[in-house]
Amino acid sequence: MSRNAVHGWLLLLPALAFLALFTHWPVLGTIWDSFHATPKGGRPAPWVGLENYQVMLSDEVFWQSLRNNLWYALGTIPVSIALAMLMALWVNSAMRGRTWLRMAFFTPTILPMIAVANIWLFFYTPQYGLLDQFLSLFGAGGRNWLGDPSTALACVIVVAIWKEAGFFMIFYLAALQAIPPSLAEAAAIEGASRGYYFRRVVFPLLMPTTLFVMVNAVINSVRLVDHIFVMTRGGPNNATSLLLYYVYSVGFSFWDTAYAAALTIVLLVLLAAAAIGQFVFLDKRVHYQ
Amino acid sequence: MRRLETAAAWLLGFLWILPLLYAVWTAFHAAEFSTRFSLAAPLTLDNFRRAWEAAPFARYFLNSFMLVTMVLSAQLVLCTLAAYSFARYEFRGKDTAFVLVLLQLMIMPDVLIVENYRTMSRMGVLDSVPAIALPYVASAFGIFLLRQTFKTVPRELDEAARVEGAGALRILWSVYVPLARPVYLAYGLVSVSYHWNNFLWPLIVTNSVTSRPVTVGLQVFSSGDQGIDWSIITAATLMSCGPLLVAFLLFQRQFVQSFMRAGIR
């Protein structure tokens with residue numbers, strides 16, 4: 001090896017060592033552990049083959065968490081992306097008070113999810129909460145939003161949308177500012193309406209950003225579970241149990257680490273699918289550049 | 001039509017800030033006004049005082065402060081070195097190494113909680129601030145961001161420094177690092193706000209006052225025996241967001257631009 005190569009590896013070494021220890025090794029460890037029983041009392045864990053996965057297939061709570069997570073993703077991703085686009089268009093236009101608007105939209109991004117969840121918990125509280133007080137003006141109050149299995153997941157989704165939309169707005173804002181103003185002028189000369197200009201020019205130009213944001217949104221729909229801890233703890237009746245939350249409760253409330261490892265594998269497969277999705281989409285990106 | 005759109009935008013902006021305004025109202029008024037809105041309600045800091053006294057928030061803030069300092073300084077060193085290698089060195093296995101790094105963009109430490117907990121327990125560092133920091137110090141995002149920036153540095157600058165007899169690290173420090181300053185600022189802001197706000201991993205790996213960051217402290221406090229005294233809980237909540245929120249309001253433009261810069265790759 002040349003001296004240059006040695007230097008290159010030496011510079012990489014510290015970062016790679018930490019990555020290996022806390023990312024690559026744990027991934028392999030998760031796979032390994034998912035085929036073993038949970039170790040008890042210092043003895044090595046026995047090999048159990050696919051038993052953890054068989055348990056998973058007949059575990060109602062797992063299926064419910066998976067379903068919830070799917071709804072959580074379907075609820076948050078499209079709405080937060082659409083809102084983010086709308087917000088960016090508004091903030092980027094010559095609207096009055098747009099600095100103020102940008103601040104209002106972006107603020108949730110920098111607040112801790114756990115703190116935000118406290119505020120929203122108060123917001124949803126029956127009788128005292130702002131939501132119920134507002135609704136009672138129309139005689140529709142007295143509802144326990146977070147205590148009812150039919151509304152709890154929707155409430156949690158709203159919080160995630162509120163937290164994410166302003167963050168995604170930033171990327172759209174950057175993309176909008178990169179569109180040359182001459183395009184808008186040309187469209188105006190041709191007599192194109194604003195709606196037409198958006199559909200035919202702006203929206204396609206935003207496509208790479210949309211894909212980037214979408215991948216982020218997919219990852220977040222797996223990762224963003226902090227507010228569950230404060231608002232519902234997965235309840236009522238597992239109505240808001242998301243996969244990562246379920247991994248936490250299996251691994252650190254019931255201390256069944258082997259089963260938690262098998263559940264983590266499901267998360268990793270979902271994330272890998274998102275990665276492959278991004279890879280496939282990258283080709284389409286070229287179209288628009 | 002335009003006017004209608006402005007009204008809609010303002011309505012959405014108001015809705016977006018409403019939960020926060022509501023929390024501010026409750027935190028700064030006595031409990032009897034927490035759900036009654038009256039302009040005559042007297043302002044008070046009493047809720048903040050009581051929250052501050054009810055839990056060791058000073059210690060939590062210190063822990064959070066140590067955590068973000070530790071994570072950021074380690075990240076800056078490790079990511080700078082690795083990014084320099086990826087941007088300016090040619091060697092066999094470089095592409096494989098890069099893929100191994102990028103893997104972390106998809107599989108974040110956040111989902112590997114079970115195995116990382118086991119590692120920390122084997123290392124005997126459970127319930128300490130370094131244990132919270134360790135999984136995050138090598139950041140694929142930071143490496144990627146800095147690599148892209150370093151690649152734009154003209155090679156002539158490099159060679160000019162080399163002619164003057166500067167070594168590789170010397171060149172990195174005096175040519176590359178200064179040129180990447182805005183990217184460092186952007187990355188720093190994103191990293192600090194991420195780790196100040198992080199919750200799940202710190203919750204798992206800490207269990208005492210001496211290591212808990214503010215987010216975990218807040219959760220322990222508000223789910224503890226406070227009953228549901230919303231005035232105190234919202235005061236504690238605002239306290240925990242306080243430093244970032246104040247910094248954001250003061251340096252709004254830098255924050256937005258930093259998050260923008262960090263997002264475009």
# chains A, B, ... in the order shown; residues from 1 in each chain; ligands from 1
>>> closest_atom_pairs(of="range 95-199 of chain B", to="range 235-258 of chain A", cutoff="9 Å", atoms="only C-alpha atoms", output="Markdown table")
| residue | atom | partner | partner_atom | distance |
| --- | --- | --- | --- | --- |
| B:Val111 | CA | A:Leu244 | CA | 7.1 |
| B:Ile113 | CA | A:Tyr248 | CA | 7.9 |
| B:Val114 | CA | A:Gly251 | CA | 6.6 |
| B:Glu115 | CA | A:Thr257 | CA | 8.7 |
>>> residues_around(residues="range 237-250 of chain B", least_positions_apart="3", cutoff="6 Å", atoms="only C-alpha atoms", output="list in words")
Leu111 and Ala115 of chain A; Thr234 of chain B
>>> residues_around(residues="Pro202 in chain B", least_positions_apart="6", cutoff="9 Å", atoms="only C-alpha atoms", output="count of residues only")
10
>>> closest_residue(among="A:Gly49, A:Gly147, A:Pro78, A:Gly277", to="chain B", atoms="only C-alpha atoms")
A:Gly277
>>> residues_around(residues="range 158-175 of chain A", least_positions_apart="5", cutoff="7 Å", atoms="only C-alpha atoms", output="ChimeraX atom specification")
/A:76,80-81,83-85,87-88,92,105-106,108-109,206,209,213 /B:260,263
>>> write_last_selection(atoms="N, CA and C atoms", output="PDB file, in the first residue's frame")
ATOM      1  N   THR A  76     -49.275  10.743   8.356  1.00  0.00           N
ATOM      2  CA  THR A  76     -48.352  11.875   8.491  1.00  0.00           C
ATOM      3  C   THR A  76     -47.684  12.258   7.174  1.00  0.00           C
ATOM      4  N   SER A  80     -48.152  16.044   5.799  1.00  0.00           N
ATOM      5  CA  SER A  80     -47.076  16.963   6.167  1.00  0.00           C
ATOM      6  C   SER A  80     -46.335  17.450   4.925  1.00  0.00           C
ATOM      7  N   ILE A  81     -46.224  16.608   3.898  1.00  0.00           N
ATOM      8  CA  ILE A  81     -45.546  17.047   2.674  1.00  0.00           C
ATOM      9  C   ILE A  81     -46.374  18.107   1.951  1.00  0.00           C
ATOM     10  N   LEU A  83     -48.649  20.100   3.254  1.00  0.00           N
ATOM     11  CA  LEU A  83     -48.624  21.334   4.042  1.00  0.00           C
ATOM     12  C   LEU A  83     -47.283  22.043   3.897  1.00  0.00           C
ATOM     13  N   ALA A  84     -46.198  21.261   3.909  1.00  0.00           N
ATOM     14  CA  ALA A  84     -44.872  21.860   3.797  1.00  0.00           C
ATOM     15  C   ALA A  84     -44.747  22.627   2.482  1.00  0.00           C
ATOM     16  N   MET A  85     -45.271  22.030   1.406  1.00  0.00           N
ATOM     17  CA  MET A  85     -45.204  22.686   0.097  1.00  0.00           C
ATOM     18  C   MET A  85     -45.999  23.989   0.108  1.00  0.00           C
ATOM     19  N   MET A  87     -46.861  25.801   2.719  1.00  0.00           N
ATOM     20  CA  MET A  87     -46.189  26.778   3.585  1.00  0.00           C
ATOM     21  C   MET A  87     -45.036  27.448   2.843  1.00  0.00           C
ATOM     22  N   ALA A  88     -44.237  26.636   2.135  1.00  0.00           N
ATOM     23  CA  ALA A  88     -43.081  27.185   1.436  1.00  0.00           C
ATOM     24  C   ALA A  88     -43.522  28.158   0.349  1.00  0.00           C
ATOM     25  N   ASN A  92     -42.511  32.007   0.507  1.00  0.00           N
ATOM     26  CA  ASN A  92     -41.657  32.460  -0.584  1.00  0.00           C
ATOM     27  C   ASN A  92     -42.317  33.565  -1.413  1.00  0.00           C
ATOM     28  N   PHE A 105     -44.205  28.634  11.462  1.00  0.00           N
ATOM     29  CA  PHE A 105     -44.181  27.281  10.897  1.00  0.00           C
ATOM     30  C   PHE A 105     -42.960  26.494  11.362  1.00  0.00           C
ATOM     31  N   PHE A 106     -41.842  27.202  11.526  1.00  0.00           N
ATOM     32  CA  PHE A 106     -40.595  26.489  11.791  1.00  0.00           C
ATOM     33  C   PHE A 106     -40.386  26.170  13.272  1.00  0.00           C
ATOM     34  N   PRO A 108     -41.945  24.609  15.715  1.00  0.00           N
ATOM     35  CA  PRO A 108     -42.060  23.247  16.252  1.00  0.00           C
ATOM     36  C   PRO A 108     -40.824  22.384  15.994  1.00  0.00           C
ATOM     37  N   THR A 109     -40.092  22.658  14.902  1.00  0.00           N
ATOM     38  CA  THR A 109     -38.928  21.859  14.551  1.00  0.00           C
ATOM     39  C   THR A 109     -37.866  21.852  15.642  1.00  0.00           C
ATOM     40  N   LEU A 206     -39.922  20.766  -8.256  1.00  0.00           N
ATOM     41  CA  LEU A 206     -39.789  20.421  -6.835  1.00  0.00           C
ATOM     42  C   LEU A 206     -39.670  18.918  -6.609  1.00  0.00           C
ATOM     43  N   THR A 209     -36.836  17.400  -4.543  1.00  0.00           N
ATOM     44  CA  THR A 209     -37.008  17.753  -3.132  1.00  0.00           C
ATOM     45  C   THR A 209     -38.081  16.888  -2.502  1.00  0.00           C
ATOM     46  N   VAL A 213     -37.583  14.618   0.717  1.00  0.00           N
ATOM     47  CA  VAL A 213     -38.420  14.821   1.894  1.00  0.00           C
ATOM     48  C   VAL A 213     -39.179  13.543   2.236  1.00  0.00           C
TER      49      VAL A 213
ATOM     50  N   MET B 260     -31.453  24.638   6.225  1.00  0.00           N
ATOM     51  CA  MET B 260     -31.546  24.566   4.771  1.00  0.00           C
ATOM     52  C   MET B 260     -30.257  24.008   4.189  1.00  0.00           C
ATOM     53  N   GLY B 263     -29.692  20.429   4.737  1.00  0.00           N
ATOM     54  CA  GLY B 263     -30.607  19.527   4.049  1.00  0.00           C
ATOM     55  C   GLY B 263     -30.282  19.314   2.592  1.00  0.00           C
TER      56      GLY B 263
END
>>> closest_residue(among="B:Leu145, B:Ala186, B:Asp158, B:Pro130", to="Val68 in chain B", atoms="only C-alpha atoms")
B:Pro130
